[in-house]
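J.: Contents of input19.cif (mmCIF, C-alpha atoms):
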```
data_my_file
#
loop_
_atom_site.label_atom_id
_atom_site.label_comp_id
_atom_site.auth_asym_id
_atom_site.auth_seq_id
_atom_site.Cartn_x
_atom_site.Cartn_y
_atom_site.Cartn_z
CA MET A 21 0.00 0.00 0.00
CA LYS A 22 1.57 3.29 -1.13
CA THR A 23 1.23 6.51 0.87
CA MET A 24 1.82 10.18 0.08
CA ALA A 25 5.39 9.77 1.32
CA ASP A 26 6.06 7.46 -1.62
CA PHE A 27 5.20 10.27 -4.02
CA ASP A 28 6.19 13.44 -2.14
CA LYS A 29 9.52 13.71 -0.30
CA ASN A 30 8.08 16.45 1.94
CA PHE A 31 6.08 13.77 3.75
CA LYS A 32 9.19 11.73 4.54
CA TYR A 33 10.81 12.32 7.92
CA GLU A 34 14.18 11.24 9.18
CA SER A 35 14.17 8.60 11.91
CA ILE A 36 16.78 8.52 14.66
CA HIS A 37 20.07 7.24 13.33
CA LYS A 38 22.74 9.81 14.25
CA ASP A 39 26.22 8.50 15.00
CA ASP A 40 27.17 11.40 17.31
CA MET A 41 24.03 11.36 19.44
CA LYS A 42 23.59 11.18 23.20
CA VAL A 43 20.11 10.19 24.41
CA TYR A 44 18.32 11.52 27.51
CA ASP A 45 15.14 10.52 29.33
CA ILE A 46 12.91 13.57 29.94
CA GLU A 47 12.14 12.29 33.44
CA ASP A 48 15.72 13.15 34.45
CA ALA A 49 17.39 16.53 35.05
CA PRO A 50 17.76 19.06 33.52
CA PHE A 51 14.39 18.47 31.84
CA LYS A 52 11.31 19.94 33.51
CA MET A 53 7.74 18.84 32.85
CA TYR A 54 4.64 21.03 33.09
CA GLY A 55 0.93 20.23 33.14
CA ILE A 56 1.69 16.54 33.63
CA MET A 57 2.98 14.16 36.28
CA LYS A 58 4.43 10.69 36.47
CA PRO A 59 4.32 9.31 40.01
CA GLU A 60 7.07 6.90 40.97
CA GLY A 61 6.27 3.42 39.74
CA ASP A 62 3.60 4.60 37.31
CA ASP A 63 3.77 3.54 33.67
CA ASP A 64 2.03 6.59 32.17
CA PHE A 65 2.20 10.35 32.24
CA ILE A 66 -1.06 11.56 33.80
CA ARG A 67 -2.74 14.92 34.42
CA MET A 68 -4.03 14.42 37.96
CA PRO A 69 -3.51 11.82 40.70
CA ARG A 70 -5.04 8.50 39.68
CA ALA A 71 -6.96 8.06 42.94
CA VAL A 72 -8.62 11.46 42.54
CA ALA A 73 -9.49 10.82 38.89
CA LYS A 74 -11.01 7.46 39.80
CA SER A 75 -13.08 9.07 42.56
CA VAL A 76 -14.60 11.48 40.00
CA SER A 77 -15.70 8.91 37.41
CA GLU A 78 -14.55 5.96 35.34
CA GLY A 79 -14.42 8.21 32.28
CA VAL A 80 -12.15 10.77 33.93
CA ALA A 81 -9.93 7.95 35.22
CA GLY A 82 -9.48 6.65 31.68
CA LEU A 83 -8.99 10.03 30.01
CA ASN A 84 -6.52 11.08 32.70
CA ARG A 85 -3.94 9.18 30.61
CA ASN A 86 -4.50 11.57 27.68
CA THR A 87 -1.58 13.97 27.94
CA ALA A 88 -3.33 17.18 26.79
CA GLY A 89 -1.46 20.21 28.09
CA GLY A 90 1.65 18.26 29.05
CA ARG A 91 4.99 19.84 28.11
CA VAL A 92 8.70 19.33 28.64
CA ARG A 93 11.17 22.22 28.54
CA PHE A 94 14.97 22.40 28.18
CA LYS A 95 17.78 24.31 26.43
CA THR A 96 20.41 23.02 24.05
CA ASN A 97 22.86 24.28 21.45
CA SER A 98 22.73 21.04 19.49
CA LYS A 99 22.33 21.45 15.75
CA TYR A 100 19.56 18.88 15.90
CA ILE A 101 17.22 17.28 18.40
CA ALA A 102 15.85 13.78 18.05
CA VAL A 103 12.53 13.04 19.77
CA LYS A 104 11.25 9.54 20.46
CA CYS A 105 7.78 8.95 21.93
CA VAL A 106 6.75 5.55 23.31
CA TYR A 107 3.02 4.73 23.58
CA PRO A 108 1.21 1.86 25.33
CA GLU A 109 -1.30 1.99 22.48
CA ILE A 110 -2.42 4.45 19.83
CA ASN A 111 -6.06 5.43 19.42
CA VAL A 112 -7.30 7.05 16.21
CA MET A 113 -10.63 8.79 15.58
CA LEU A 114 -12.19 9.98 12.33
CA THR A 115 -12.48 13.72 13.03
CA VAL A 116 -9.35 13.99 15.19
CA PRO A 117 -6.09 14.76 13.34
CA PHE A 118 -3.36 12.18 13.99
CA SER A 119 -0.80 15.03 14.14
CA GLY A 120 -2.54 16.49 17.20
CA SER A 121 -4.07 13.53 18.97
CA VAL A 122 -1.03 11.23 18.73
CA CYS A 123 2.02 13.37 17.92
CA ALA A 124 4.01 15.82 20.00
CA ASP A 125 5.07 19.16 18.53
CA VAL A 126 8.20 21.21 19.06
CA TYR A 127 8.80 24.94 19.67
CA ALA A 128 12.18 26.66 19.76
CA ASP A 129 12.42 30.13 21.34
CA GLY A 130 8.63 30.41 21.22
CA LYS A 131 8.32 29.58 17.51
CA PHE A 132 6.81 26.42 16.02
CA VAL A 133 9.44 24.13 14.48
CA ALA A 134 7.96 20.70 13.68
CA VAL A 135 5.53 17.92 14.57
CA VAL A 136 7.06 14.65 15.78
CA THR A 137 5.41 12.60 13.08
CA PRO A 138 6.39 9.10 11.97
CA ASP A 139 7.66 8.29 8.51
CA GLY A 140 5.13 8.07 5.74
CA ASN A 141 4.74 4.29 5.95
CA PHE A 142 3.67 4.26 9.59
CA ILE A 143 -0.05 4.74 8.91
CA ALA A 144 -0.16 2.01 6.29
CA ASP A 145 1.72 -0.31 8.62
CA PHE A 146 -0.54 0.69 11.53
CA TYR A 147 -3.70 -0.31 9.65
CA GLU A 148 -2.23 -3.43 8.08
CA LYS A 149 -1.22 -4.72 11.51
CA GLY A 150 -4.65 -4.06 12.99
CA GLY A 151 -4.01 -0.76 14.77
CA ALA A 152 -7.46 0.58 13.91
CA LYS A 153 -8.96 -2.46 15.67
CA GLY A 154 -6.77 -2.08 18.72
CA GLU A 155 -4.68 -5.11 17.73
CA TYR A 156 -1.39 -3.36 16.91
CA PRO A 157 1.47 -4.86 18.96
CA ALA A 158 2.40 -2.57 21.87
CA PRO A 159 4.38 -0.61 22.77
CA MET A 160 4.46 1.67 19.73
CA GLU A 161 7.11 4.24 18.97
CA ILE A 162 7.25 7.41 16.90
CA GLU A 163 10.55 9.18 16.36
CA ARG A 164 11.89 12.08 14.34
CA VAL A 165 15.09 14.11 13.97
CA ILE A 166 14.60 17.88 13.75
CA GLU A 167 17.49 19.85 12.25
CA PHE A 168 18.50 23.44 13.09
CA PRO A 169 20.63 25.73 10.90
CA ASP A 170 23.30 26.38 13.55
CA ASN A 171 24.50 25.63 17.08
CA LYS A 172 22.99 28.58 18.92
CA MET A 173 21.43 27.92 22.33
CA ARG A 174 17.68 27.42 21.98
CA ASP A 175 14.88 27.18 24.54
CA ILE A 176 12.86 24.10 23.55
CA ILE A 177 9.28 23.29 24.50
CA ILE A 178 7.74 19.98 23.39
CA ASN A 179 3.95 19.77 23.69
CA PHE A 180 2.61 16.29 24.46
CA PRO A 181 -0.15 14.60 22.41
CA ILE A 182 -3.72 15.72 23.10
CA SER A 183 -5.74 12.50 23.05
CA ASN A 184 -3.39 9.59 23.66
CA ALA A 185 -1.36 8.09 26.46
CA LEU A 186 2.43 8.28 26.57
CA ASN A 187 4.82 6.00 28.49
CA LYS A 188 8.20 7.55 27.72
CA MET A 189 9.87 10.34 25.80
CA TYR A 190 13.55 10.45 24.89
CA ILE A 191 15.60 13.36 23.55
CA GLY A 192 18.76 12.94 21.48
CA ILE A 193 21.29 15.71 20.89
CA GLU A 194 24.85 15.98 19.60
CA GLU A 195 27.21 14.28 22.03
CA THR A 196 29.34 17.42 22.34
CA ALA A 197 26.40 19.82 22.74
CA GLU A 198 25.28 21.45 25.96
CA ILE A 199 21.94 20.72 27.58
CA LYS A 200 20.47 22.89 30.35
CA ALA A 201 17.26 23.59 32.20
CA GLY A 202 14.83 25.58 30.06
CA ASN A 203 13.61 29.08 30.77
CA GLU A 204 11.00 29.36 33.50
CA TYR A 205 7.62 30.87 32.74
CA LYS A 206 7.15 34.52 33.69
CA HIS A 207 3.91 33.52 35.42
CA THR A 208 4.80 30.35 37.29
CA LYS A 209 1.38 29.80 38.87
CA PRO A 210 -0.61 27.97 36.20
CA ILE A 211 -3.93 28.87 34.67
CA VAL A 212 -6.19 25.85 35.19
CA PHE A 213 -8.69 24.99 32.43
CA TYR A 214 -11.54 22.56 33.13
CA GLY A 215 -14.13 21.31 30.66
CA SER A 216 -15.12 19.02 27.83
CA SER A 217 -13.40 17.86 24.63
CA VAL A 218 -13.51 21.52 23.57
CA THR A 219 -11.23 22.33 26.52
CA GLN A 220 -9.11 19.27 25.80
CA ASN A 221 -8.94 20.69 22.22
CA ALA A 222 -9.47 17.25 20.73
CA CYS A 223 -9.69 18.32 17.07
CA VAL A 224 -6.87 20.81 16.53
CA SER A 225 -4.17 19.76 14.08
CA ARG A 226 -1.36 19.81 16.66
CA ALA A 227 -0.93 20.23 20.40
CA GLY A 228 0.56 23.73 20.21
CA ASN A 229 -2.63 25.01 18.58
CA ALA A 230 -4.80 24.16 21.59
CA TYR A 231 -6.15 27.46 22.89
CA SER A 232 -4.64 26.87 26.34
CA ALA A 233 -1.21 26.40 24.72
CA VAL A 234 -1.72 29.52 22.58
CA LEU A 235 -2.53 31.56 25.69
CA SER A 236 0.53 30.12 27.41
CA ARG A 237 2.76 31.43 24.62
CA TRP A 238 1.03 34.80 24.39
CA PHE A 239 1.36 35.53 28.10
CA ASP A 240 4.38 33.38 29.04
CA THR A 241 2.35 31.45 31.62
CA ASP A 242 2.21 27.89 32.85
CA PHE A 243 -1.14 26.07 32.54
CA VAL A 244 -2.94 22.83 33.34
CA ASN A 245 -5.46 21.31 30.91
CA LEU A 246 -8.20 19.36 32.69
CA GLY A 247 -10.38 18.84 29.63
CA PHE A 248 -12.05 15.40 29.67
CA SER A 249 -13.82 14.55 26.43
CA GLY A 250 -17.45 13.62 27.13
CA ASN A 251 -16.79 13.36 30.87
CA ALA A 252 -16.69 16.87 32.33
CA LYS A 253 -19.85 17.06 34.43
CA GLY A 254 -18.95 19.42 37.26
CA GLU A 255 -18.64 16.65 39.85
CA THR A 256 -18.06 17.66 43.48
CA LYS A 257 -14.88 15.56 43.71
CA MET A 258 -13.46 17.37 40.68
CA ALA A 259 -14.38 20.76 42.11
CA GLU A 260 -12.72 19.88 45.42
CA TYR A 261 -9.55 18.76 43.65
CA ILE A 262 -9.33 21.92 41.56
CA ALA A 263 -10.05 24.07 44.62
CA GLY A 264 -6.87 22.73 46.20
CA LEU A 265 -4.59 23.61 43.27
CA ASP A 266 -2.18 26.54 43.43
CA MET A 267 -3.32 28.51 40.37
CA SER A 268 -3.35 32.05 39.02
CA ILE A 269 -6.70 31.86 37.17
CA PHE A 270 -9.43 29.25 36.86
CA VAL A 271 -11.35 28.86 33.57
CA TYR A 272 -14.27 26.45 33.27
CA ASP A 273 -16.50 25.46 30.39
CA TYR A 274 -18.22 22.10 30.73
CA ASP A 275 -21.85 22.63 29.70
CA HIS A 276 -21.30 20.59 26.51
CA ASN A 277 -20.96 17.50 28.73
CA ALA A 278 -23.74 18.25 31.21
CA PRO A 279 -26.35 15.52 30.54
CA SER A 280 -29.18 18.06 30.79
CA VAL A 281 -29.93 21.69 31.55
CA GLU A 282 -31.15 20.53 34.95
CA HIS A 283 -27.84 18.81 35.66
CA LEU A 284 -26.01 22.02 34.76
CA LYS A 285 -28.26 24.01 37.12
CA ASN A 286 -27.48 21.57 39.93
CA THR A 287 -23.71 21.63 39.46
CA HIS A 288 -22.52 24.92 37.94
CA TYR A 289 -22.98 27.33 40.83
CA PRO A 290 -21.91 24.70 43.42
CA MET A 291 -18.65 24.17 41.49
CA TYR A 292 -18.02 27.92 41.46
CA LYS A 293 -18.81 28.13 45.18
CA ILE A 294 -16.48 25.28 46.19
CA ILE A 295 -13.59 26.87 44.31
CA ARG A 296 -14.39 30.42 45.44
CA ASP A 297 -14.66 29.47 49.12
CA ALA A 298 -11.21 27.87 48.99
CA ASN A 299 -9.70 30.70 46.90
CA PRO A 300 -11.21 34.07 47.89
CA ASP A 301 -8.96 36.14 45.59
CA LEU A 302 -8.74 33.82 42.58
CA PRO A 303 -9.95 35.19 39.21
CA ILE A 304 -12.63 32.80 37.90
CA ILE A 305 -13.68 32.84 34.25
CA MET A 306 -16.83 30.91 33.38
CA ALA A 307 -17.77 30.30 29.76
CA SER A 308 -20.68 28.83 27.87
CA MET A 309 -20.03 26.31 25.12
CA PRO A 310 -18.66 27.60 21.81
CA CYS A 311 -21.69 27.34 19.58
CA PHE A 312 -21.87 27.06 15.81
CA SER A 313 -25.65 26.53 15.65
CA VAL A 314 -26.95 29.83 16.97
CA GLY A 315 -30.57 29.70 18.14
CA VAL A 316 -30.69 26.09 19.33
CA THR A 317 -32.93 26.31 22.38
CA HIS A 318 -31.12 23.96 24.76
CA ILE A 319 -27.79 25.69 24.04
CA LEU A 320 -29.31 29.07 24.87
CA ASP A 321 -30.82 27.56 28.04
CA ARG A 322 -27.40 26.24 29.10
CA ARG A 323 -25.83 29.62 28.43
CA ASP A 324 -28.46 31.21 30.66
CA VAL A 325 -27.57 28.83 33.51
CA ILE A 326 -23.93 29.92 33.34
CA ARG A 327 -24.86 33.58 33.10
CA ASP A 328 -27.08 33.09 36.16
CA THR A 329 -24.08 31.76 38.11
CA TYR A 330 -22.07 34.80 37.03
CA GLU A 331 -24.79 37.29 37.94
CA ARG A 332 -25.42 35.59 41.28
CA ALA A 333 -21.71 35.76 42.09
CA ILE A 334 -21.67 39.48 41.24
CA ALA A 335 -24.77 40.06 43.39
CA GLU A 336 -23.00 38.32 46.28
CA GLY A 337 -20.15 40.79 46.02
CA ASP A 338 -17.64 38.82 43.95
CA LYS A 339 -15.47 41.35 42.08
CA ASN A 340 -13.17 38.80 40.46
CA VAL A 341 -15.51 36.71 38.32
CA TYR A 342 -15.86 36.92 34.53
CA PHE A 343 -18.19 35.54 31.86
CA VAL A 344 -17.40 34.56 28.25
CA ASP A 345 -20.43 34.02 26.01
CA GLY A 346 -19.70 31.10 23.68
CA ILE A 347 -21.98 32.60 21.05
CA GLU A 348 -21.53 36.35 21.27
CA ASP A 349 -17.89 36.54 22.38
CA ILE A 350 -16.30 33.76 20.37
CA TYR A 351 -18.01 32.80 17.13
CA LYS A 352 -20.90 35.04 16.16
CA ARG A 353 -18.67 37.79 14.76
CA ILE A 354 -17.07 35.53 12.11
CA ASP A 355 -18.43 32.89 9.74
CA PRO A 356 -18.55 29.78 11.98
CA GLU A 357 -18.09 27.40 9.04
CA MET A 358 -14.38 28.19 9.15
CA MET A 359 -14.01 27.30 12.81
CA THR A 360 -15.23 23.75 13.26
CA VAL A 361 -14.37 20.22 12.21
CA ASP A 362 -17.80 18.69 12.79
CA ASN A 363 -20.12 21.52 13.86
CA CYS A 364 -19.16 20.78 17.45
CA HIS A 365 -15.39 20.86 17.98
CA PRO A 366 -13.19 23.85 17.12
CA ASN A 367 -10.46 23.42 14.54
CA ASP A 368 -7.22 25.44 14.68
CA PHE A 369 -8.96 28.69 13.74
CA GLY A 370 -11.79 28.06 16.17
CA SER A 371 -9.24 27.39 18.91
CA TYR A 372 -7.46 30.64 18.05
CA CYS A 373 -10.76 32.53 18.38
CA MET A 374 -11.29 30.96 21.81
CA ALA A 375 -7.79 32.06 22.85
CA ASP A 376 -8.58 35.57 21.65
CA ALA A 377 -11.83 35.74 23.65
CA PHE A 378 -10.25 34.43 26.86
CA GLY A 379 -7.09 36.43 26.24
CA ASN A 380 -8.98 39.71 26.30
CA ILE A 381 -9.69 39.00 29.97
CA ILE A 382 -6.53 37.15 30.94
CA LYS A 383 -4.12 39.84 29.69
CA ASN A 384 -5.47 42.23 32.31
CA LEU A 385 -5.59 39.66 35.10
CA LEU A 386 -1.93 38.66 34.66
CA LYS A 387 -0.75 42.26 34.92
#
```
Let me see the file written as structure tokens.

T.:
Amino acid sequence: MKTMADFDKNFKYESIHKDDMKVYDIEDAPFKMYGIMKPEGDDDFIRMPRAVAKSVSEGVAGLNRNTAGGRVRFKTNSKYIAVKCVYPEINVMLTVPFSGSVCADVYADGKFVAVVTPDGNFIADFYEKGGAKGEYPAPMEIERVIEFPDNKMRDIIINFPISNALNKMYIGIEETAEIKAGNEYKHTKPIVFYGSSVTQNACVSRAGNAYSAVLSRWFDTDFVNLGFSGNAKGETKMAEYIAGLDMSIFVYDYDHNAPSVEHLKNTHYPMYKIIRDANPDLPIIMASMPCFSVGVTHILDRRDVIRDTYERAIAEGDKNVYFVDGIEDIYKRIDPEMMTVDNCHPNDFGSYCMADAFGNIIKNLLK
């Protein structure tokens, strides 16, 4: 079975085979990870403690292994970096780009460099060996060498895959090159994002285009992505966990996953209250779902529930709460056809528009 890589050299990527390369495990110094954890003895990178995730729901426990928002940071003056990702399995979905859901992407000095994609025969091999049926032999590996034009010192950030689990990541550099700890974020307290697959940014083309990652680059801030596709329901256990995090701003948007308007009414204000009581001075941004089908009654009803929470908080004297209207503030001003993959999930442009809407608030809060 031939692929595009057989016809176009631009789809062929160099695998790791450098003679002068020294290989490092990102779990060791001087590498530093953000938005992700790997407890001692655990096989996977995860976004929150397993016991807490399990106490919230089975769905959250499973999706906790998706590494959305995870990053590793370091500096090197190597003329190339080799990146190798090791997966326990690889899951593919029809409307979710492989380059974002499975692959990591690389930034150098704040600028996008490359996606850690496999060679062009990987997909054909994946399907031929039963990967689409979950029968592909594990573990699976994707590796790529990324070349630079010179040996200047660069600050590297590698964004982890959005919708898959990751066991290990290795970095290769020239044996004679330096490797150091990366720059620290200007705002070291993270922004915490909680919500549905829209928050997880399931359908963007690569991890660095997730709106939380875009905001991180714009404002030089750390962040944590607690988006759980189909499983963000404002549970008390989740609210209590988030309330205990050391964060600069909390952003939540989960009405897409609320089973009903009634469920949203019963959970939205209580979630706000749990987090506010534990964090009296924390800026809290609440948003309604990004909506491409303006006028759908249940979506407008859900938006009204969230606005009610906001207005109630203001009436109770809260001066540090903010509301983003998923219809008026994000998508209504521009043709929504350009912003969605499936009339539900934002694509890269839709994610950018979300970053812009939240950024208008966040830029003032981080001052």

J.: Write out, as CSV, each residue of range 235-342 of chain A that has an atom at most 10 Å from range 42-65 of chain A, together with the closest pair of atoms and their distance in Å to one decimal, counting all atoms listed in the file, rows going by chain and rising number.

T.:
```
residue,atom,partner,partner_atom,distance
A:Asp242,CA,A:Tyr54,CA,7.3
A:Phe243,CA,A:Gly55,CA,6.2
A:Val244,CA,A:Gly55,CA,4.7
A:Asn245,CA,A:Gly55,CA,6.9
A:Leu246,CA,A:Gly55,CA,9.2
```

J.: Could you tell me, as a tab-separated table (two decimals) with C-alpha atoms, keeping the file's coordinate frame, exactly which residues end up selected when the PyMOL selection byres ((chain A and resi 100-103) around 9) is applied to this structure?

T.:
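What ended up in selection-v5.tsv:
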```tsv
chain	number	residue	atom	x	y	z
A	35	SER	CA	14.17	8.60	11.91
A	36	ILE	CA	16.78	8.52	14.66
A	38	LYS	CA	22.74	9.81	14.25
A	41	MET	CA	24.03	11.36	19.44
A	43	VAL	CA	20.11	10.19	24.41
A	96	THR	CA	20.41	23.02	24.05
A	97	ASN	CA	22.86	24.28	21.45
A	98	SER	CA	22.73	21.04	19.49
A	99	LYS	CA	22.33	21.45	15.75
A	104	LYS	CA	11.25	9.54	20.46
A	105	CYS	CA	7.78	8.95	21.93
A	124	ALA	CA	4.01	15.82	20.00
A	136	VAL	CA	7.06	14.65	15.78
A	162	ILE	CA	7.25	7.41	16.90
A	163	GLU	CA	10.55	9.18	16.36
A	164	ARG	CA	11.89	12.08	14.34
A	165	VAL	CA	15.09	14.11	13.97
A	166	ILE	CA	14.60	17.88	13.75
A	167	GLU	CA	17.49	19.85	12.25
A	168	PHE	CA	18.50	23.44	13.09
A	169	PRO	CA	20.63	25.73	10.90
A	170	ASP	CA	23.30	26.38	13.55
A	171	ASN	CA	24.50	25.63	17.08
A	189	MET	CA	9.87	10.34	25.80
A	190	TYR	CA	13.55	10.45	24.89
A	191	ILE	CA	15.60	13.36	23.55
A	192	GLY	CA	18.76	12.94	21.48
A	193	ILE	CA	21.29	15.71	20.89
A	194	GLU	CA	24.85	15.98	19.60
```

J.: Distance cut-off 8 Å, centre (-15.1, 26.4, 33.7) in file coordinates, counting all atoms listed in the file: which residues qualify? Return them as a list in words.

T.: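 Selection result: Phe213, Tyr214, Gly215, Phe270, Val271, Tyr272, Asp273, Tyr274, Ile305, Met306 and Ala307 of chain A.
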
J.: From the list A:Ile178, A:Ala185, A:Ala335, A:Met309, which residue is nearest Asp129 in chain A when using all atoms listed in the file?

T.: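 For Asp129 in chain A, the nearest of the given residues is A:Ile178.
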
J.: Between CA of Met359 in chain A and CA of Leu235 in chain A, what is the distance, to one decimal in Å?

T.: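 That distance, rounded to one decimal, is 17.8 Å.
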
J.: Could you produce a table of the residues of range 319-383 of chain A lying within 8 Å of range 221-231 of chain A, with the nearest pair of atoms per residue and their separation in Å rounded to one decimal, using only C-alpha atoms, ordered by chain and increasing residue number, as a Markdown table?

T.:
```
| residue | atom | partner | partner_atom | distance |
| --- | --- | --- | --- | --- |
| A:Val361 | CA | A:Cys223 | CA | 7.0 |
| A:His365 | CA | A:Cys223 | CA | 6.3 |
| A:Pro366 | CA | A:Cys223 | CA | 6.5 |
| A:Asn367 | CA | A:Val224 | CA | 4.9 |
| A:Asp368 | CA | A:Val224 | CA | 5.0 |
| A:Ser371 | CA | A:Tyr231 | CA | 5.0 |
| A:Tyr372 | CA | A:Tyr231 | CA | 5.9 |
| A:Met374 | CA | A:Tyr231 | CA | 6.3 |
| A:Ala375 | CA | A:Tyr231 | CA | 4.9 |
```
